[in-house]
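Chemist: What follows is a single structure, and I will ask about it in a moment.
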Amino acid sequence: MHKAIVKQILFPLHEKIIGRKTLSFLKELEALQWESPERLEQLRFEKLRKLLVHARKNVPFYARRFADAGFDPEHMHSIDDFKILPPLTKADIRRNLEDLKWNACPGGLFRYNTGGSTGEPLIFYFDRRRQAYDAAARALTHRWWGVDIGDRELYLWGSPLEMKKQDRIKTLRDTLTNQVLISAFEISPQQVPAIFARMKKFNPKCIFGYPSTIDLFCRMALNQGLHLKNHEIQVVFSTAEVLYDHQRQSISDYFGGIPVVDGYGSREGGFISHECPEHTRHVMDPNYVLEIVNDGSAAEPGKEGEIVVTHLDAWGMPFIRYRTGDIARMGAGQCKCGRGFSSMSAVRGRATDFIITPDGRWQHALSIIYVVRDIEGVEEFKIFQHDVDDIQVLLRTDKDLYPADGNERIIAGFRKRMGPDVRVRIEMVTEIPKEASGKHRYVVSKVAQQGLK
Ligand SMILES: [Zn+2]
């Protein structure tokens, strides 16, 4: 489909039919990105107060919660005032789902779900306004990298959930909006030539997806001698997982040195931050109040803590001080690009991307990921921490390359980092089971999950 037809006719028509104001919100964000931090703070305060007044009036869960905390949104003086409210946890959402909805929401509510970082499903609702703001934020940040509405976009998605419902409608809509989705839930060397051929034929301007999935595709394609030449792909947008440096490098190399850009968000949290051309991760300030919280209070500037977000445009089901379970720092100072949006560090890892050592240290999972990755012939792996001293490693290897002392090296490496008493069980497998969400996690620590509850 011709780009201009999509951009000027089909996309606006689609949004109008379903009642979304994506394009007017996009115009608003285009202007707001150049405003001063002070002006943005003022805007956030106004939006927050309106959201909270609405939540108290129309959403039973928050009416109760505000009353319990003695909080009155009508009398707020600054954004800080609402931080006396307890954060919203996934458990709160599970227990109070019906009471978290605004049943009279104009345009209706749309049900979504996610596997969540603990692997337990979370059900929640979006309204049209929130969908439109999330879509506008996404379109804005794509423009930062020269990709506009109507440009051909390829989704290399790890999730089987995407393809279940309304497959045919979605496929038609994707064609009309110049978006193609390749479901790569179970990516195997056998599938790679077909994915490669489809990618080449569609010739997208950008690729969007999970870094683990895209990285895996690139490495398998390279192994099979499948090189992309004369393609138009200008940028790869990484989402939903931590983008590791080695992935950024290998994906960039495969596509001929193009930028691989990190965005942070989640299905329930929305489109929270994205890298600008200066590689600063800007927070979508007009749409969020973002806090970094440590032990229940605001982390000191520059210190790490859990990301807690309030989505200022989620009125159908408000997320007020929602605990994401992700860890980051706030950034400091103005970005060279000139945008007024604040910034944050890379998300250091999901809660599940940490392991806890027998002496109680929370260690980034990369420390043990590197041990396994360093061994020749390892094609895929997954590490489970069942207890502080009990590690299980599933390994899929190329038997010709995997060294005779491979297992010993893994065990020695883990003991060096975690302590001499750690028990490491290594199992050779032909397939690594995926998580229900379709995301690939290298490390799943039941101990770390327990620690966050
Ligand atoms: Zn910037």
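Ligands are numbered from 1 in the order shown, chains are lettered A, B, ... in the order of the structure tokens, and residues start at 1 in each chain.
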Which neighbours of Ser273 (chain A) fall inside 10 Å, counting only C-alpha atoms, when residues of the same chain fewer than 4 positions from it are skipped, and could you give them as a list in words?
Modeler: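 Selected residues are Ala137, Arg138, Thr141, Asp262, Gly263, Tyr264, Gly265, Thr280, Arg281, His282, Val283, Met284, Asp285, Tyr288, Phe341, Ser342, Ser343, Met344, Ser345 and Ala346 of chain A.
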Chemist: Once you count only C-alpha atoms and all ligand atoms, which residues end up within 6 Å of ligand 1, and could you hand them over as a PyMOL selection string?
Modeler: chain A and resi 276+278+280+335-337+339
Chemist: Could you please take those selected residues and save N, CA and C atoms as a PDB file, in the first residue's frame?
Modeler:
```
ATOM      1  N   CYS A 276      15.874   8.841  22.286  1.00  0.00           N
ATOM      2  CA  CYS A 276      15.883   9.860  21.238  1.00  0.00           C
ATOM      3  C   CYS A 276      17.170   9.673  20.425  1.00  0.00           C
ATOM      4  N   GLU A 278      19.812  11.144  20.504  1.00  0.00           N
ATOM      5  CA  GLU A 278      21.018  11.287  21.337  1.00  0.00           C
ATOM      6  C   GLU A 278      21.165  10.085  22.282  1.00  0.00           C
ATOM      7  N   THR A 280      19.227   9.266  24.638  1.00  0.00           N
ATOM      8  CA  THR A 280      18.679   9.509  25.971  1.00  0.00           C
ATOM      9  C   THR A 280      17.313   8.836  26.035  1.00  0.00           C
ATOM     10  N   CYS A 335      18.659  17.150  27.783  1.00  0.00           N
ATOM     11  CA  CYS A 335      19.251  16.374  26.685  1.00  0.00           C
ATOM     12  C   CYS A 335      19.686  17.314  25.560  1.00  0.00           C
ATOM     13  N   LYS A 336      20.741  16.913  24.871  1.00  0.00           N
ATOM     14  CA  LYS A 336      21.261  17.717  23.763  1.00  0.00           C
ATOM     15  C   LYS A 336      20.264  17.880  22.615  1.00  0.00           C
ATOM     16  N   CYS A 337      19.310  16.961  22.541  1.00  0.00           N
ATOM     17  CA  CYS A 337      18.327  17.038  21.453  1.00  0.00           C
ATOM     18  C   CYS A 337      17.378  18.217  21.636  1.00  0.00           C
ATOM     19  N   ARG A 339      14.754  18.416  23.703  1.00  0.00           N
ATOM     20  CA  ARG A 339      13.420  18.099  24.198  1.00  0.00           C
ATOM     21  C   ARG A 339      13.353  18.322  25.714  1.00  0.00           C
TER      22      ARG A 339
END
```
Chemist: Write out as a count of residues only the set of residues from region 112-321 of chain A that DSSP, computed on the backbone, places in strand (DSSP E).
Modeler: 59
Chemist: With a distance cut-off of 6 Å and only C-alpha atoms, select the neighbouring residues of Ser445 (chain A), excluding the residue or stretch itself and same-chain residues fewer than 2 positions from it, and output the selection as a PyMOL selection string.
Modeler: chain A and resi 352+355+384-385+447-448
Chemist: Any idea what the distance is between CA of Pro358 (chain A) and CA of Glu376 (chain A)?
Modeler: 28.4 Å
Chemist: As a compact mmCIF listing (two decimals) with N, CA and C atoms, in the first residue's frame, please: the residues near region 232-238 of chain A (cut-off 9 Å, only C-alpha atoms, same-chain neighbours under 4 positions excluded).
Modeler:
```txt
# COMPACT_ATOMS: atom_id res chain seq x y z
N HIS A 142 8.66 7.13 17.12
CA HIS A 142 9.11 6.57 15.83
C HIS A 142 9.55 7.69 14.90
N TRP A 145 13.03 8.81 14.88
CA TRP A 145 13.97 7.99 14.11
C TRP A 145 13.60 7.91 12.64
N GLY A 146 12.80 8.87 12.19
CA GLY A 146 12.49 8.96 10.76
C GLY A 146 11.44 8.00 10.25
N VAL A 147 10.68 7.41 11.16
CA VAL A 147 9.63 6.48 10.74
C VAL A 147 8.27 7.12 11.04
N ASN A 203 10.03 -5.66 2.78
CA ASN A 203 11.01 -4.57 2.78
C ASN A 203 10.61 -3.40 3.69
N PRO A 204 10.50 -3.66 4.99
CA PRO A 204 10.01 -2.62 5.90
C PRO A 204 11.03 -1.51 6.12
N LYS A 205 10.54 -0.40 6.67
CA LYS A 205 11.43 0.70 7.04
C LYS A 205 11.97 0.48 8.45
N CYS A 206 11.19 -0.22 9.27
CA CYS A 206 11.68 -0.52 10.62
C CYS A 206 11.15 -1.87 11.07
N ILE A 207 11.84 -2.41 12.08
CA ILE A 207 11.43 -3.66 12.69
C ILE A 207 11.18 -3.37 14.16
N PHE A 208 10.15 -3.99 14.68
CA PHE A 208 9.73 -3.72 16.05
C PHE A 208 9.51 -5.06 16.74
N GLY A 209 10.10 -5.27 17.91
CA GLY A 209 9.85 -6.54 18.58
C GLY A 209 10.72 -6.79 19.78
N TYR A 210 10.60 -7.99 20.30
CA TYR A 210 11.40 -8.40 21.45
C TYR A 210 12.86 -8.57 21.02
N PRO A 211 13.80 -8.00 21.76
CA PRO A 211 15.21 -8.14 21.34
C PRO A 211 15.67 -9.59 21.33
N ILE A 214 14.42 -11.06 18.00
CA ILE A 214 15.09 -10.50 16.82
C ILE A 214 16.54 -10.98 16.78
N VAL A 242 14.55 -6.30 28.57
CA VAL A 242 15.82 -5.59 28.66
C VAL A 242 16.58 -5.83 27.36
N LEU A 243 17.11 -4.74 26.79
CA LEU A 243 17.93 -4.88 25.58
C LEU A 243 19.39 -4.96 26.03
N ARG A 248 22.07 -5.69 21.12
CA ARG A 248 22.07 -4.45 20.35
C ARG A 248 23.13 -4.54 19.25
N ILE A 251 22.26 -7.43 16.52
CA ILE A 251 21.14 -7.05 15.65
C ILE A 251 21.60 -5.95 14.68
N SER A 252 22.29 -4.95 15.24
CA SER A 252 22.79 -3.86 14.41
C SER A 252 23.70 -4.39 13.31
N PHE A 255 21.86 -6.11 10.36
CA PHE A 255 21.19 -5.23 9.41
C PHE A 255 22.11 -4.14 8.85
N ILE A 258 22.73 -0.47 11.39
CA ILE A 258 21.67 0.51 11.68
C ILE A 258 21.46 0.62 13.20
N PRO A 259 20.86 1.75 13.65
CA PRO A 259 20.63 1.88 15.09
C PRO A 259 19.59 0.87 15.61
N VAL A 260 19.85 0.37 16.80
CA VAL A 260 18.90 -0.49 17.51
C VAL A 260 18.51 0.29 18.75
N VAL A 261 17.24 0.59 18.89
CA VAL A 261 16.80 1.60 19.84
C VAL A 261 15.90 0.97 20.89
N ASP A 262 16.07 1.41 22.10
CA ASP A 262 15.35 0.81 23.22
C ASP A 262 14.14 1.64 23.63
N GLY A 263 13.04 0.98 23.79
CA GLY A 263 11.86 1.62 24.38
C GLY A 263 11.48 0.84 25.63
N TYR A 264 10.89 1.55 26.59
CA TYR A 264 10.47 0.84 27.79
C TYR A 264 8.98 1.02 28.01
```
Chemist: Using DSSP on the backbone, list every residue of region 237-274 of chain A that comes out as helix (DSSP H, G or I), and give them as a VMD selection string.
Modeler: chain A and resid 245 to 254
Chemist: I need the chosen residues saved as an mmCIF file, in the first residue's frame, with N, CA and C atoms.
Modeler:
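The new file result-v8.cif reads:
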```cif
data_model
loop_
_atom_site.group_PDB
_atom_site.id
_atom_site.type_symbol
_atom_site.label_atom_id
_atom_site.label_comp_id
_atom_site.auth_asym_id
_atom_site.auth_seq_id
_atom_site.Cartn_x
_atom_site.Cartn_y
_atom_site.Cartn_z
ATOM 1 N N ASP A 245 23.454 -5.308 25.703
ATOM 2 C CA ASP A 245 24.411 -4.733 24.752
ATOM 3 C C ASP A 245 24.801 -5.710 23.642
ATOM 4 N N HIS A 246 24.952 -6.969 24.030
ATOM 5 C CA HIS A 246 25.372 -7.948 23.008
ATOM 6 C C HIS A 246 24.271 -8.136 21.957
ATOM 7 N N GLN A 247 23.009 -7.973 22.382
ATOM 8 C CA GLN A 247 21.906 -8.082 21.421
ATOM 9 C C GLN A 247 21.882 -6.862 20.503
ATOM 10 N N ARG A 248 22.071 -5.687 21.123
ATOM 11 C CA ARG A 248 22.071 -4.446 20.345
ATOM 12 C C ARG A 248 23.125 -4.541 19.245
ATOM 13 N N GLN A 249 24.289 -5.057 19.642
ATOM 14 C CA GLN A 249 25.393 -5.184 18.700
ATOM 15 C C GLN A 249 25.087 -6.179 17.587
ATOM 16 N N SER A 250 24.629 -7.360 17.968
ATOM 17 C CA SER A 250 24.469 -8.398 16.945
ATOM 18 C C SER A 250 23.316 -8.062 15.997
ATOM 19 N N ILE A 251 22.255 -7.435 16.521
ATOM 20 C CA ILE A 251 21.139 -7.050 15.647
ATOM 21 C C ILE A 251 21.599 -5.948 14.681
ATOM 22 N N SER A 252 22.286 -4.952 15.239
ATOM 23 C CA SER A 252 22.786 -3.859 14.410
ATOM 24 C C SER A 252 23.704 -4.391 13.311
ATOM 25 N N ASP A 253 24.619 -5.269 13.687
ATOM 26 C CA ASP A 253 25.550 -5.836 12.707
ATOM 27 C C ASP A 253 24.810 -6.557 11.586
ATOM 28 N N TYR A 254 23.811 -7.333 11.971
ATOM 29 C CA TYR A 254 23.102 -8.123 10.959
ATOM 30 C C TYR A 254 22.461 -7.218 9.908
#
```
Chemist: Which residues come within 10 Å of region 82-96 of chain A, counting only C-alpha atoms, excluding same-chain residues fewer than 4 positions away, as a PDB file with N, CA and C atoms, in the first residue's frame?
Modeler:
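Okay, this is what ended up in selection-v2.pdb:
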```pdb
ATOM      1  N   LEU A  48      -3.011  15.268  36.437  1.00  0.00           N
ATOM      2  CA  LEU A  48      -3.082  14.355  37.577  1.00  0.00           C
ATOM      3  C   LEU A  48      -4.274  14.686  38.473  1.00  0.00           C
ATOM      4  N   ARG A  49      -4.435  15.970  38.739  1.00  0.00           N
ATOM      5  CA  ARG A  49      -5.533  16.368  39.624  1.00  0.00           C
ATOM      6  C   ARG A  49      -6.891  15.973  39.020  1.00  0.00           C
ATOM      7  N   LEU A  52      -7.376  12.224  39.350  1.00  0.00           N
ATOM      8  CA  LEU A  52      -7.654  11.778  40.716  1.00  0.00           C
ATOM      9  C   LEU A  52      -9.070  12.167  41.162  1.00  0.00           C
ATOM     10  N   PRO A  60     -14.809   2.900  42.342  1.00  0.00           N
ATOM     11  CA  PRO A  60     -15.008   2.553  43.763  1.00  0.00           C
ATOM     12  C   PRO A  60     -13.725   2.220  44.526  1.00  0.00           C
ATOM     13  N   PHE A  61     -12.813   1.508  43.855  1.00  0.00           N
ATOM     14  CA  PHE A  61     -11.565   1.131  44.546  1.00  0.00           C
ATOM     15  C   PHE A  61     -10.821   2.375  45.050  1.00  0.00           C
ATOM     16  N   TYR A  62     -10.726   3.388  44.190  1.00  0.00           N
ATOM     17  CA  TYR A  62      -9.976   4.589  44.580  1.00  0.00           C
ATOM     18  C   TYR A  62     -10.760   5.456  45.566  1.00  0.00           C
ATOM     19  N   ARG A  65      -9.795   3.896  48.693  1.00  0.00           N
ATOM     20  CA  ARG A  65      -8.369   4.065  48.992  1.00  0.00           C
ATOM     21  C   ARG A  65      -8.056   5.508  49.410  1.00  0.00           C
ATOM     22  N   PHE A  66      -8.639   6.474  48.719  1.00  0.00           N
ATOM     23  CA  PHE A  66      -8.389   7.878  49.058  1.00  0.00           C
ATOM     24  C   PHE A  66      -8.931   8.169  50.458  1.00  0.00           C
ATOM     25  N   ALA A  67     -10.131   7.653  50.735  1.00  0.00           N
ATOM     26  CA  ALA A  67     -10.746   7.885  52.049  1.00  0.00           C
ATOM     27  C   ALA A  67      -9.873   7.293  53.152  1.00  0.00           C
ATOM     28  N   ASP A  68      -9.397   6.064  52.925  1.00  0.00           N
ATOM     29  CA  ASP A  68      -8.543   5.415  53.932  1.00  0.00           C
ATOM     30  C   ASP A  68      -7.278   6.216  54.205  1.00  0.00           C
ATOM     31  N   ALA A  69      -6.752   6.836  53.152  1.00  0.00           N
ATOM     32  CA  ALA A  69      -5.496   7.587  53.312  1.00  0.00           C
ATOM     33  C   ALA A  69      -5.748   9.043  53.727  1.00  0.00           C
ATOM     34  N   GLY A  70      -7.010   9.433  53.813  1.00  0.00           N
ATOM     35  CA  GLY A  70      -7.337  10.828  54.141  1.00  0.00           C
ATOM     36  C   GLY A  70      -6.877  11.785  53.054  1.00  0.00           C
ATOM     37  N   PHE A  71      -6.991  11.343  51.788  1.00  0.00           N
ATOM     38  CA  PHE A  71      -6.475  12.134  50.679  1.00  0.00           C
ATOM     39  C   PHE A  71      -7.620  12.780  49.896  1.00  0.00           C
ATOM     40  N   ASP A  72      -7.479  14.090  49.659  1.00  0.00           N
ATOM     41  CA  ASP A  72      -8.503  14.813  48.907  1.00  0.00           C
ATOM     42  C   ASP A  72      -7.868  15.485  47.677  1.00  0.00           C
ATOM     43  N   PRO A  73      -8.148  14.952  46.482  1.00  0.00           N
ATOM     44  CA  PRO A  73      -7.496  15.504  45.285  1.00  0.00           C
ATOM     45  C   PRO A  73      -7.863  16.961  45.011  1.00  0.00           C
ATOM     46  N   MET A  76      -5.096  19.416  46.367  1.00  0.00           N
ATOM     47  CA  MET A  76      -3.677  19.165  46.078  1.00  0.00           C
ATOM     48  C   MET A  76      -2.969  20.477  45.759  1.00  0.00           C
ATOM     49  N   HIS A  77      -1.712  20.601  46.225  1.00  0.00           N
ATOM     50  CA  HIS A  77      -0.911  21.776  45.888  1.00  0.00           C
ATOM     51  C   HIS A  77       0.227  21.430  44.941  1.00  0.00           C
ATOM     52  N   SER A  78       0.680  20.172  45.011  1.00  0.00           N
ATOM     53  CA  SER A  78       1.749  19.753  44.101  1.00  0.00           C
ATOM     54  C   SER A  78       1.591  18.259  43.835  1.00  0.00           C
ATOM     55  N   LEU A 100     -12.111  -1.490  39.978  1.00  0.00           N
ATOM     56  CA  LEU A 100     -11.126  -0.575  39.397  1.00  0.00           C
ATOM     57  C   LEU A 100     -11.611   0.011  38.071  1.00  0.00           C
ATOM     58  N   LYS A 101     -12.796  -0.414  37.648  1.00  0.00           N
ATOM     59  CA  LYS A 101     -13.310   0.022  36.345  1.00  0.00           C
ATOM     60  C   LYS A 101     -14.235   1.217  36.479  1.00  0.00           C
ATOM     61  N   GLY A 116       2.664 -10.978  32.893  1.00  0.00           N
ATOM     62  CA  GLY A 116       3.277 -10.275  34.022  1.00  0.00           C
ATOM     63  C   GLY A 116       4.657 -10.820  34.314  1.00  0.00           C
ATOM     64  N   THR A 118       5.842 -12.044  36.916  1.00  0.00           N
ATOM     65  CA  THR A 118       5.892 -13.233  37.755  1.00  0.00           C
ATOM     66  C   THR A 118       5.291 -14.431  37.043  1.00  0.00           C
ATOM     67  N   GLU A 120       2.276 -14.831  36.336  1.00  0.00           N
ATOM     68  CA  GLU A 120       0.863 -15.002  36.649  1.00  0.00           C
ATOM     69  C   GLU A 120       0.078 -14.016  35.804  1.00  0.00           C
ATOM     70  N   PRO A 121      -1.022 -14.483  35.220  1.00  0.00           N
ATOM     71  CA  PRO A 121      -1.744 -13.577  34.326  1.00  0.00           C
ATOM     72  C   PRO A 121      -2.380 -12.406  35.067  1.00  0.00           C
ATOM     73  N   LEU A 122      -2.384 -11.269  34.409  1.00  0.00           N
ATOM     74  CA  LEU A 122      -3.000 -10.077  34.973  1.00  0.00           C
ATOM     75  C   LEU A 122      -4.017  -9.585  33.948  1.00  0.00           C
ATOM     76  N   ILE A 123      -5.234  -9.369  34.422  1.00  0.00           N
ATOM     77  CA  ILE A 123      -6.278  -8.872  33.517  1.00  0.00           C
ATOM     78  C   ILE A 123      -6.527  -7.407  33.838  1.00  0.00           C
ATOM     79  N   PHE A 124      -6.706  -6.599  32.804  1.00  0.00           N
ATOM     80  CA  PHE A 124      -6.965  -5.175  33.028  1.00  0.00           C
ATOM     81  C   PHE A 124      -7.718  -4.608  31.844  1.00  0.00           C
ATOM     82  N   GLU A 291       7.746   7.675  39.109  1.00  0.00           N
ATOM     83  CA  GLU A 291       8.515   7.768  40.358  1.00  0.00           C
ATOM     84  C   GLU A 291       9.499   6.604  40.417  1.00  0.00           C
ATOM     85  N   VAL A 293      11.112   4.439  43.321  1.00  0.00           N
ATOM     86  CA  VAL A 293      10.816   4.232  44.741  1.00  0.00           C
ATOM     87  C   VAL A 293      11.724   3.168  45.326  1.00  0.00           C
ATOM     88  N   GLY A 296       9.821   2.039  49.851  1.00  0.00           N
ATOM     89  CA  GLY A 296       8.593   2.762  50.159  1.00  0.00           C
ATOM     90  C   GLY A 296       8.663   4.273  50.015  1.00  0.00           C
ATOM     91  N   SER A 297       9.868   4.846  49.807  1.00  0.00           N
ATOM     92  CA  SER A 297       9.891   6.293  49.589  1.00  0.00           C
ATOM     93  C   SER A 297      10.739   6.630  48.359  1.00  0.00           C
ATOM     94  N   ALA A 298      10.668   7.893  47.951  1.00  0.00           N
ATOM     95  CA  ALA A 298      11.347   8.290  46.721  1.00  0.00           C
ATOM     96  C   ALA A 298      12.846   8.024  46.821  1.00  0.00           C
ATOM     97  N   VAL A 308       7.568   3.262  39.506  1.00  0.00           N
ATOM     98  CA  VAL A 308       6.155   3.318  39.880  1.00  0.00           C
ATOM     99  C   VAL A 308       5.514   4.352  38.961  1.00  0.00           C
ATOM    100  N   VAL A 309       4.476   3.976  38.229  1.00  0.00           N
ATOM    101  CA  VAL A 309       3.913   4.915  37.256  1.00  0.00           C
ATOM    102  C   VAL A 309       2.431   5.205  37.505  1.00  0.00           C
ATOM    103  N   THR A 310       2.078   6.441  37.191  1.00  0.00           N
ATOM    104  CA  THR A 310       0.678   6.835  37.124  1.00  0.00           C
ATOM    105  C   THR A 310       0.412   7.240  35.685  1.00  0.00           C
ATOM    106  N   PHE A 319      -4.523   3.604  36.559  1.00  0.00           N
ATOM    107  CA  PHE A 319      -3.345   2.999  37.195  1.00  0.00           C
ATOM    108  C   PHE A 319      -2.678   4.122  37.987  1.00  0.00           C
ATOM    109  N   ILE A 320      -2.916   4.163  39.280  1.00  0.00           N
ATOM    110  CA  ILE A 320      -2.402   5.253  40.102  1.00  0.00           C
ATOM    111  C   ILE A 320      -1.322   4.712  41.029  1.00  0.00           C
ATOM    112  N   ARG A 321      -0.116   5.160  40.812  1.00  0.00           N
ATOM    113  CA  ARG A 321       1.074   4.678  41.546  1.00  0.00           C
ATOM    114  C   ARG A 321       1.231   3.162  41.378  1.00  0.00           C
ATOM    115  N   TYR A 322       1.247   2.725  40.147  1.00  0.00           N
ATOM    116  CA  TYR A 322       1.335   1.307  39.834  1.00  0.00           C
ATOM    117  C   TYR A 322       2.785   0.807  39.929  1.00  0.00           C
ATOM    118  N   ARG A 323       2.978  -0.250  40.700  1.00  0.00           N
ATOM    119  CA  ARG A 323       4.319  -0.843  40.845  1.00  0.00           C
ATOM    120  C   ARG A 323       4.628  -1.742  39.666  1.00  0.00           C
ATOM    121  N   THR A 324       5.616  -1.357  38.874  1.00  0.00           N
ATOM    122  CA  THR A 324       5.924  -2.130  37.666  1.00  0.00           C
ATOM    123  C   THR A 324       6.788  -3.358  37.960  1.00  0.00           C
ATOM    124  N   GLY A 325       7.536  -3.316  39.062  1.00  0.00           N
ATOM    125  CA  GLY A 325       8.481  -4.410  39.333  1.00  0.00           C
ATOM    126  C   GLY A 325       9.807  -4.236  38.592  1.00  0.00           C
ATOM    127  N   LYS A 453       7.481 -10.144  46.711  1.00  0.00           N
ATOM    128  CA  LYS A 453       6.057 -10.206  47.054  1.00  0.00           C
ATOM    129  C   LYS A 453       5.763  -9.516  48.383  1.00  0.00           C
TER     130      LYS A 453
END
```
